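S.K.: Just passing along the structure, written as structure tokens.
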Amino acid sequence: MPNTEQKFTPAIIVHGGAGPIKDDSLPERLQGCKDAALAGWKILDQGGSSLDAVEAAVMALEDNSLFNAGTGSTLNSLGQIEMDAAIMEGESLRAGAVAAVSGIKNPIKLARQIMEDGRHVMLAGNGALMFARQIGFAEISSESLISERERNRWQNAHGTVGCVAFDREGKLAVATSTGGIFNKLPGRVGDSPLLGCGTYANKHGAVSCTGHGEAIMRILMARAALEYLQNGIEPFEAARRAVDDLEQLTGSSGGLILIDPCGRLAYARNTTHMPICSITIAGGILVTS
């Protein structure tokens, strides 16, 4: 049962990537976001940590082949999968990330292990795999991560998943995971594993971004959104201003989700779609694109 004596009211929001959805998969994507949000909410509702909640939510999205993360990740120019992910806790500023990693079913789970290990913040490529082997982390064949949809797409463009959460202890956390952009050069690292770019959390809030990674990196979009919150801007306005900055300064597209220190949720995008699901006690379950 939830601990109703605690001071803070939990909240969670997930996104399934910003960009056009040209097929008929939108209802399934919205359901996938809802399932992921519910996985994280179950942890929050039982008094669990925001860190555990965002990890669980993003793992659910990584396991859904409709999303460009984990299973279903897009392919690089060689027809291979290389994934990025990051997780961060706002109060402690602890963080872990992986970049250009293959052969891992849930890169967000490996990012969490790097954070808990504490020696480094980010490991990339073969170094990330070596660490995974040292701690007994399960490996799988990269082939098993390639969905038929992505294989056909390569043989014949952006996407990321993320979650931010606020728990009953008043702690904030964020997790972001992606397969990157379609047909990218091998070794390309996007914004998702870079703190302050696609993923960031501190005492002022938590943000997960999605969209054109190279542009998001140039404006430090996640950190910019939190600076707006820090300056007293309301959450939805802070989100909108950060996305406006992305468009005005770089001409690029994307979106973000965020949560402030009071557990207020917000999102913004300048794309046609960004499937999201948020859950709060007051507002219930909200699913929108």
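How things are named: the first chain in the structure tokens is A, the next is B, and so on; residues count from 1 in each chain; ligands count from 1 in the order shown.
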Mind checking which residues fall within 10 Å of Gly213 of chain A, counting only C-alpha atoms, ignoring those fewer than 5 positions away in the same chain, and posting them as a list of chain:residue names?
M.R.: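 Within the cut-off, the hits are A:His158, A:Gly159, A:Thr160, A:Gly180, A:Ile181, A:Val189, A:Gly190, A:Asp191, A:Ser192, A:Cys197, A:Gly198, A:Arg218, A:Met221, A:Ser252, A:Ser253, A:Gly254.
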S.K.: Would you pick out the contacts of Gly48 of chain A at 12 Å or less, using only C-alpha atoms, so that residues sharing its chain but fewer than 4 positions from it are not included, and give the list as a PyMOL selection string?
M.R.: chain A and resi 1-3+6+10-11+39-44+52-56+165-171
S.K.: I'd like to know which of A:Ser73, A:Ala18, A:Phe8, A:Gly47 is closest to Asn270 of chain A, using only C-alpha atoms.
M.R.: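 So, comparing all the options, the nearest one is A:Ala18.
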S.K.: Show me, as a list of chain:residue names, the residues that have an atom within 10 Å of His120 of chain A when counting only C-alpha atoms, minus same-chain residues fewer than 4 positions from it.
M.R.: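 Contacts, with the query itself left out: A:Ala95, A:Gly96, A:Ala97, A:Ile114, A:Met115, A:Glu116.
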S.K.: What's around Asn106 of chain A at 10 Å? Count only C-alpha atoms, leave out sequence neighbours fewer than 3 positions away in its own chain, and write the answer as a list in words.
M.R.: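 With the cut-off at 10 Å, the set is Glu55, Val58, Met59, Ala60, Leu61, Glu62, Asp63, Ala69, Gly70, Thr71, Met83, Ala85, Gly103, Lys109, Leu110, Ala111, Ala138, Glu139 and Ser177 of chain A.
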S.K.: Let me see the file: selected residues, N, CA and C atoms, as a PDB file, in the first residue's frame.
M.R.:
```pdb
ATOM      1  N   GLU A  55      13.817   4.144 -14.631  1.00  0.00           N
ATOM      2  CA  GLU A  55      14.494   2.999 -15.230  1.00  0.00           C
ATOM      3  C   GLU A  55      13.477   1.975 -15.721  1.00  0.00           C
ATOM      4  N   VAL A  58      11.551   3.292 -18.892  1.00  0.00           N
ATOM      5  CA  VAL A  58      12.341   3.289 -20.118  1.00  0.00           C
ATOM      6  C   VAL A  58      12.662   1.866 -20.565  1.00  0.00           C
ATOM      7  N   MET A  59      12.867   0.957 -19.626  1.00  0.00           N
ATOM      8  CA  MET A  59      13.056  -0.444 -20.017  1.00  0.00           C
ATOM      9  C   MET A  59      11.839  -0.975 -20.763  1.00  0.00           C
ATOM     10  N   ALA A  60      10.640  -0.592 -20.320  1.00  0.00           N
ATOM     11  CA  ALA A  60       9.425  -1.024 -21.005  1.00  0.00           C
ATOM     12  C   ALA A  60       9.388  -0.493 -22.435  1.00  0.00           C
ATOM     13  N   LEU A  61       9.828   0.730 -22.631  1.00  0.00           N
ATOM     14  CA  LEU A  61       9.883   1.305 -23.981  1.00  0.00           C
ATOM     15  C   LEU A  61      10.973   0.641 -24.816  1.00  0.00           C
ATOM     16  N   GLU A  62      12.115   0.334 -24.191  1.00  0.00           N
ATOM     17  CA  GLU A  62      13.191  -0.360 -24.908  1.00  0.00           C
ATOM     18  C   GLU A  62      12.744  -1.742 -25.376  1.00  0.00           C
ATOM     19  N   ASP A  63      11.843  -2.373 -24.637  1.00  0.00           N
ATOM     20  CA  ASP A  63      11.383  -3.717 -24.983  1.00  0.00           C
ATOM     21  C   ASP A  63      10.281  -3.724 -26.032  1.00  0.00           C
ATOM     22  N   ALA A  69      14.622   2.458 -29.542  1.00  0.00           N
ATOM     23  CA  ALA A  69      15.455   2.267 -28.352  1.00  0.00           C
ATOM     24  C   ALA A  69      15.445   0.787 -28.028  1.00  0.00           C
ATOM     25  N   GLY A  70      16.602   0.243 -27.620  1.00  0.00           N
ATOM     26  CA  GLY A  70      16.638  -1.186 -27.323  1.00  0.00           C
ATOM     27  C   GLY A  70      16.188  -1.982 -28.529  1.00  0.00           C
ATOM     28  N   THR A  71      15.267  -2.933 -28.322  1.00  0.00           N
ATOM     29  CA  THR A  71      14.673  -3.684 -29.426  1.00  0.00           C
ATOM     30  C   THR A  71      13.934  -2.709 -30.334  1.00  0.00           C
ATOM     31  N   MET A  83      23.519   1.982 -29.647  1.00  0.00           N
ATOM     32  CA  MET A  83      22.528   2.646 -28.802  1.00  0.00           C
ATOM     33  C   MET A  83      23.182   3.555 -27.760  1.00  0.00           C
ATOM     34  N   ALA A  85      22.202   5.798 -24.004  1.00  0.00           N
ATOM     35  CA  ALA A  85      21.237   5.923 -22.909  1.00  0.00           C
ATOM     36  C   ALA A  85      21.886   6.637 -21.734  1.00  0.00           C
ATOM     37  N   GLY A 103      24.653  -5.113 -28.490  1.00  0.00           N
ATOM     38  CA  GLY A 103      24.590  -6.392 -27.798  1.00  0.00           C
ATOM     39  C   GLY A 103      24.001  -6.329 -26.403  1.00  0.00           C
ATOM     40  N   LYS A 109      19.484   0.038 -18.388  1.00  0.00           N
ATOM     41  CA  LYS A 109      19.853  -0.765 -17.218  1.00  0.00           C
ATOM     42  C   LYS A 109      21.372  -0.779 -17.035  1.00  0.00           C
ATOM     43  N   LEU A 110      22.113  -0.834 -18.136  1.00  0.00           N
ATOM     44  CA  LEU A 110      23.570  -0.776 -18.050  1.00  0.00           C
ATOM     45  C   LEU A 110      24.012   0.617 -17.599  1.00  0.00           C
ATOM     46  N   ALA A 111      23.350   1.659 -18.086  1.00  0.00           N
ATOM     47  CA  ALA A 111      23.666   3.021 -17.627  1.00  0.00           C
ATOM     48  C   ALA A 111      23.468   3.133 -16.117  1.00  0.00           C
ATOM     49  N   ALA A 138      23.937  -9.450 -18.781  1.00  0.00           N
ATOM     50  CA  ALA A 138      23.577 -10.336 -19.888  1.00  0.00           C
ATOM     51  C   ALA A 138      23.785  -9.656 -21.231  1.00  0.00           C
ATOM     52  N   GLU A 139      24.428 -10.377 -22.157  1.00  0.00           N
ATOM     53  CA  GLU A 139      24.582  -9.917 -23.530  1.00  0.00           C
ATOM     54  C   GLU A 139      23.658 -10.712 -24.439  1.00  0.00           C
ATOM     55  N   SER A 177      16.740   6.989 -23.609  1.00  0.00           N
ATOM     56  CA  SER A 177      17.382   5.910 -24.357  1.00  0.00           C
ATOM     57  C   SER A 177      17.043   6.048 -25.829  1.00  0.00           C
TER      58      SER A 177
END
```
S.K.: Find the residues around Gly136 of chain A up to 12 Å (only C-alpha atoms counted), leave out those fewer than 6 positions away in its own chain, and share them as a ChimeraX atom specification.
M.R.: /A:110,113,129-130
S.K.: Could you turn the residues from that selection into a file that holds N, CA and C atoms, as a short mmCIF file (atom, residue, chain, number, x, y, z; two decimals), in the first residue's frame?
M.R.:
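Generated output (part.cif):
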```
data_model
loop_
_atom_site.label_atom_id
_atom_site.label_comp_id
_atom_site.auth_asym_id
_atom_site.auth_seq_id
_atom_site.Cartn_x
_atom_site.Cartn_y
_atom_site.Cartn_z
N LEU A 110 22.11 -0.83 -18.14
CA LEU A 110 23.57 -0.78 -18.05
C LEU A 110 24.01 0.62 -17.60
N GLN A 113 23.80 0.75 -13.93
CA GLN A 113 24.91 0.03 -13.29
C GLN A 113 26.19 0.86 -13.28
N LEU A 129 30.82 -2.60 -23.20
CA LEU A 129 30.62 -4.05 -23.22
C LEU A 129 31.57 -4.75 -22.26
N MET A 130 32.81 -4.29 -22.18
CA MET A 130 33.76 -4.88 -21.23
C MET A 130 33.27 -4.72 -19.80
#
```
S.K.: Going by DSSP on the backbone, which residues of segment 71-106 of chain A come out as strand (DSSP E or B)? List them as an NGL selection string.
M.R.: :A and (83-89 or 95-101)
S.K.: The selected residues should be written to file as a PDB file, in the first residue's frame (atoms: N, CA and C atoms).
M.R.:
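Output file part_4.pdb is given in full below:
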```pdb
ATOM      1  N   MET A  83      23.519   1.982 -29.647  1.00  0.00           N
ATOM      2  CA  MET A  83      22.528   2.646 -28.802  1.00  0.00           C
ATOM      3  C   MET A  83      23.182   3.555 -27.760  1.00  0.00           C
ATOM      4  N   ASP A  84      22.441   4.592 -27.369  1.00  0.00           N
ATOM      5  CA  ASP A  84      22.855   5.531 -26.327  1.00  0.00           C
ATOM      6  C   ASP A  84      21.783   5.558 -25.237  1.00  0.00           C
ATOM      7  N   ALA A  85      22.202   5.798 -24.004  1.00  0.00           N
ATOM      8  CA  ALA A  85      21.237   5.923 -22.909  1.00  0.00           C
ATOM      9  C   ALA A  85      21.886   6.637 -21.734  1.00  0.00           C
ATOM     10  N   ALA A  86      21.061   7.289 -20.926  1.00  0.00           N
ATOM     11  CA  ALA A  86      21.553   7.952 -19.715  1.00  0.00           C
ATOM     12  C   ALA A  86      20.467   7.972 -18.657  1.00  0.00           C
ATOM     13  N   ILE A  87      20.904   7.977 -17.408  1.00  0.00           N
ATOM     14  CA  ILE A  87      20.005   8.067 -16.265  1.00  0.00           C
ATOM     15  C   ILE A  87      20.638   9.007 -15.247  1.00  0.00           C
ATOM     16  N   MET A  88      19.817   9.808 -14.560  1.00  0.00           N
ATOM     17  CA  MET A  88      20.361  10.793 -13.637  1.00  0.00           C
ATOM     18  C   MET A  88      19.376  11.071 -12.516  1.00  0.00           C
ATOM     19  N   GLU A  89      19.925  11.283 -11.317  1.00  0.00           N
ATOM     20  CA  GLU A  89      19.142  11.622 -10.133  1.00  0.00           C
ATOM     21  C   GLU A  89      19.386  13.081  -9.774  1.00  0.00           C
ATOM     22  N   ALA A  95      24.901  10.123 -11.973  1.00  0.00           N
ATOM     23  CA  ALA A  95      24.469   9.830 -13.332  1.00  0.00           C
ATOM     24  C   ALA A  95      25.292   8.687 -13.912  1.00  0.00           C
ATOM     25  N   GLY A  96      24.705   8.023 -14.893  1.00  0.00           N
ATOM     26  CA  GLY A  96      25.395   6.990 -15.646  1.00  0.00           C
ATOM     27  C   GLY A  96      24.922   7.002 -17.079  1.00  0.00           C
ATOM     28  N   ALA A  97      25.812   6.691 -18.015  1.00  0.00           N
ATOM     29  CA  ALA A  97      25.454   6.736 -19.429  1.00  0.00           C
ATOM     30  C   ALA A  97      26.263   5.734 -20.233  1.00  0.00           C
ATOM     31  N   VAL A  98      25.680   5.303 -21.340  1.00  0.00           N
ATOM     32  CA  VAL A  98      26.382   4.472 -22.319  1.00  0.00           C
ATOM     33  C   VAL A  98      26.209   5.122 -23.687  1.00  0.00           C
ATOM     34  N   ALA A  99      27.189   4.925 -24.550  1.00  0.00           N
ATOM     35  CA  ALA A  99      27.138   5.497 -25.896  1.00  0.00           C
ATOM     36  C   ALA A  99      27.651   4.485 -26.900  1.00  0.00           C
ATOM     37  N   ALA A 100      26.997   4.435 -28.054  1.00  0.00           N
ATOM     38  CA  ALA A 100      27.398   3.569 -29.167  1.00  0.00           C
ATOM     39  C   ALA A 100      27.618   2.131 -28.711  1.00  0.00           C
ATOM     40  N   VAL A 101      26.675   1.613 -27.926  1.00  0.00           N
ATOM     41  CA  VAL A 101      26.802   0.267 -27.389  1.00  0.00           C
ATOM     42  C   VAL A 101      25.898  -0.691 -28.163  1.00  0.00           C
TER      43      VAL A 101
END
```
S.K.: Taking the chain letters and numbering used in this document, name the residues of segment 145-233 of chain A that DSSP puts in alpha helix (DSSP H), as a list in words.
M.R.: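 Those in segment 145-233 of chain A that DSSP calls alpha helix (DSSP H) are Glu148, Arg149, Glu150, Arg151, Asn152, Arg153, Trp154, Gln155, Gly213, Glu214, Ala215, Ile216, Met217, Arg218, Ile219, Met221, Ala222, Arg223, Ala224, Ala225, Leu226, Glu227, Tyr228, Leu229 and Gln230 of chain A.
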S.K.: Take atom CA of Ile259 of chain A and atom CA of Glu82 of chain A and report the distance between them in Å, one decimal.
M.R.: 28.7 Å
S.K.: Mind checking which residues fall within 9 Å of Thr250 of chain A, counting only C-alpha atoms, ignoring those fewer than 4 positions away in the same chain, and posting them as a PyMOL selection string?
M.R.: chain A and resi 215-216+218-219+245-246
S.K.: Just how far from atom CA of Gly118 of chain A is atom CA of Asn68 of chain A, in Å to one decimal?
M.R.: 27.8 Å
S.K.: Of the candidates A:Gly90, A:Gly16, A:Pro261, A:Pro193, which shows the shortest atom-to-atom distance to Gly32 of chain A, using only C-alpha atoms?
M.R.: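 Using only C-alpha atoms, Gly32 of chain A sits closest to A:Gly16.
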S.K.: One decimal, in Å: what's the spacing between atom CA of Gly211 of chain A and atom CA of Gly127 of chain A?
M.R.: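 Those two atoms sit 26.6 Å apart.
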S.K.: Looking at only C-alpha atoms, which of A:Leu66, A:Leu123, A:Ile276, A:Leu229 is the one that sits closest to Ala37 of chain A?
M.R.: A:Ile276
S.K.: Could you check the closest approach to Leu38 of chain A for each of A:Ile233, A:Cys163, A:Ala132, A:Met217 and tell me which residue wins, using only C-alpha atoms?
M.R.: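 Nearest candidate to Leu38 of chain A out of A:Ile233, A:Cys163, A:Ala132, A:Met217: A:Cys163.
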S.K.: Counting only C-alpha atoms, figure out which residue out of A:Arg188, A:Lys34, A:Arg241, A:Lys105 gets nearest to Gly72 of chain A.
M.R.: A:Lys105
